[in-house]
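*Asks:* Quick one: the structure is below, and I'll ask about it shortly.
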Amino acid sequence: MTENEPAIDLPEEDKCAFCDYLAGRRPYTVLWREDRVAVLVTREQRGIAHLLILPTRHVPSLLHLADEDAESVMIAVRDAALTIDRAYERPGIAVWQNNGLAAHQAIAHLHFHVAGTLPGGGTDFGEVPELNVEATDKIAERLAPFVPERSSAHRRVDAAFAGPTASA
Ligand SMILES: [Zn+2]
């Protein structure tokens with residue numbers, strides 16, 4: 001991507017936190033993984049509940065997303081919304097995605113936010129507490145039974161949250 005590099009200003013890319021989480025170099029709650037996508041429970045919960053959907057390969061922004069990943073990412077965004085809907089039965093679910101520092105992109109690895117609305121409506125864009133991994137694991141435990149199956153993409157809920165009836 002040298003000739004048609006997007007004009008947006010990306011955050012620093014030298015150490016990608018999301019790639020570290022996916023590789024297990026730093027602890028983070030990964031609700032499910034599939035061939036091209038992973039779904040994480042963010043430590044900054046801005047809704048009930050709040051998930052991050054990202055390609056498993058390092059893609060800096062939406063403007064860099066290849067066709068072969070786009071369908072899987074959008075299906076996972078939809079299924080994250082369905083999972084939240086079934087587990088938490090919120091009256092609304094917000095989806096958002098930021099590209100470039102001016103749009104408040106904080107990590108240069110494409111991610112979609114999916115979050116059930118808060119009491120009173122909307123999601124919280126102000127200061128929210130940073131939960132520890134134990135707390136985000138608890139959220140994953142509640143969501144895991146409601147994750148739609150998608151065997152064609154080899155979707156697998158993390159065994160720690162899958163419960164006793166799930167098969168490996
Ligand atoms: Zn990355």
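Convention: chains lettered A, B, ... in structure tokens order; per-chain residue numbering from 1; ligands numbered from 1 as shown.
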What residues of the protein or nucleic acid chains come within 6 Å of ligand 1 when you use only C-alpha atoms and all ligand atoms? Reply as a ChimeraX atom specification.
*Replies:* /A:16,18-19,58,109
*Asks:* Can I get the selected residues back with C-alpha atoms, as a PDB file, in the first residue's frame?
*Replies:*
ATOM      1  CA  CYS A  16       0.281  -2.836  18.336  1.00  0.00           C
ATOM      2  CA  PHE A  18      -4.267  -5.632  19.708  1.00  0.00           C
ATOM      3  CA  CYS A  19      -1.672  -7.849  18.024  1.00  0.00           C
ATOM      4  CA  HIS A  58      -2.811  -6.368  11.467  1.00  0.00           C
ATOM      5  CA  HIS A 109      -5.460  -1.807  14.227  1.00  0.00           C
TER       6      HIS A 109
END
*Asks:* Tell me, which residues of region 10-83 of chain A carry DSSP strand (DSSP E or B), written as a list of chain:residue names?
*Replies:* A:Thr29, A:Val30, A:Leu31, A:Trp32, A:Arg33, A:Val37, A:Ala38, A:Val39, A:Leu40, A:Val41, A:His50, A:Leu51, A:Leu52, A:Ile53, A:Leu54, A:Pro55
*Asks:* With a distance cut-off of 10 Å and only C-alpha atoms, select the neighbouring residues of Val39 (chain A), excluding the residue or stretch itself and same-chain residues fewer than 2 positions from it, and output the selection as a ChimeraX atom specification.
*Replies:* /A:22,29-34,37,41-42,51-56,73,76-77,79-80,111-113,157
*Asks:* Just list as a PyMOL selection string whatever in region 17-143 of chain A DSSP marks as alpha helix (DSSP H).
*Replies:* chain A and resi 17-23+67-88+133-143
*Asks:* By how many Å are CA of Gly47 (chain A) and CA of Ala140 (chain A) apart?
*Replies:*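 Between CA of Gly47 (chain A) and CA of Ala140 (chain A) the gap works out to 14.1 Å.
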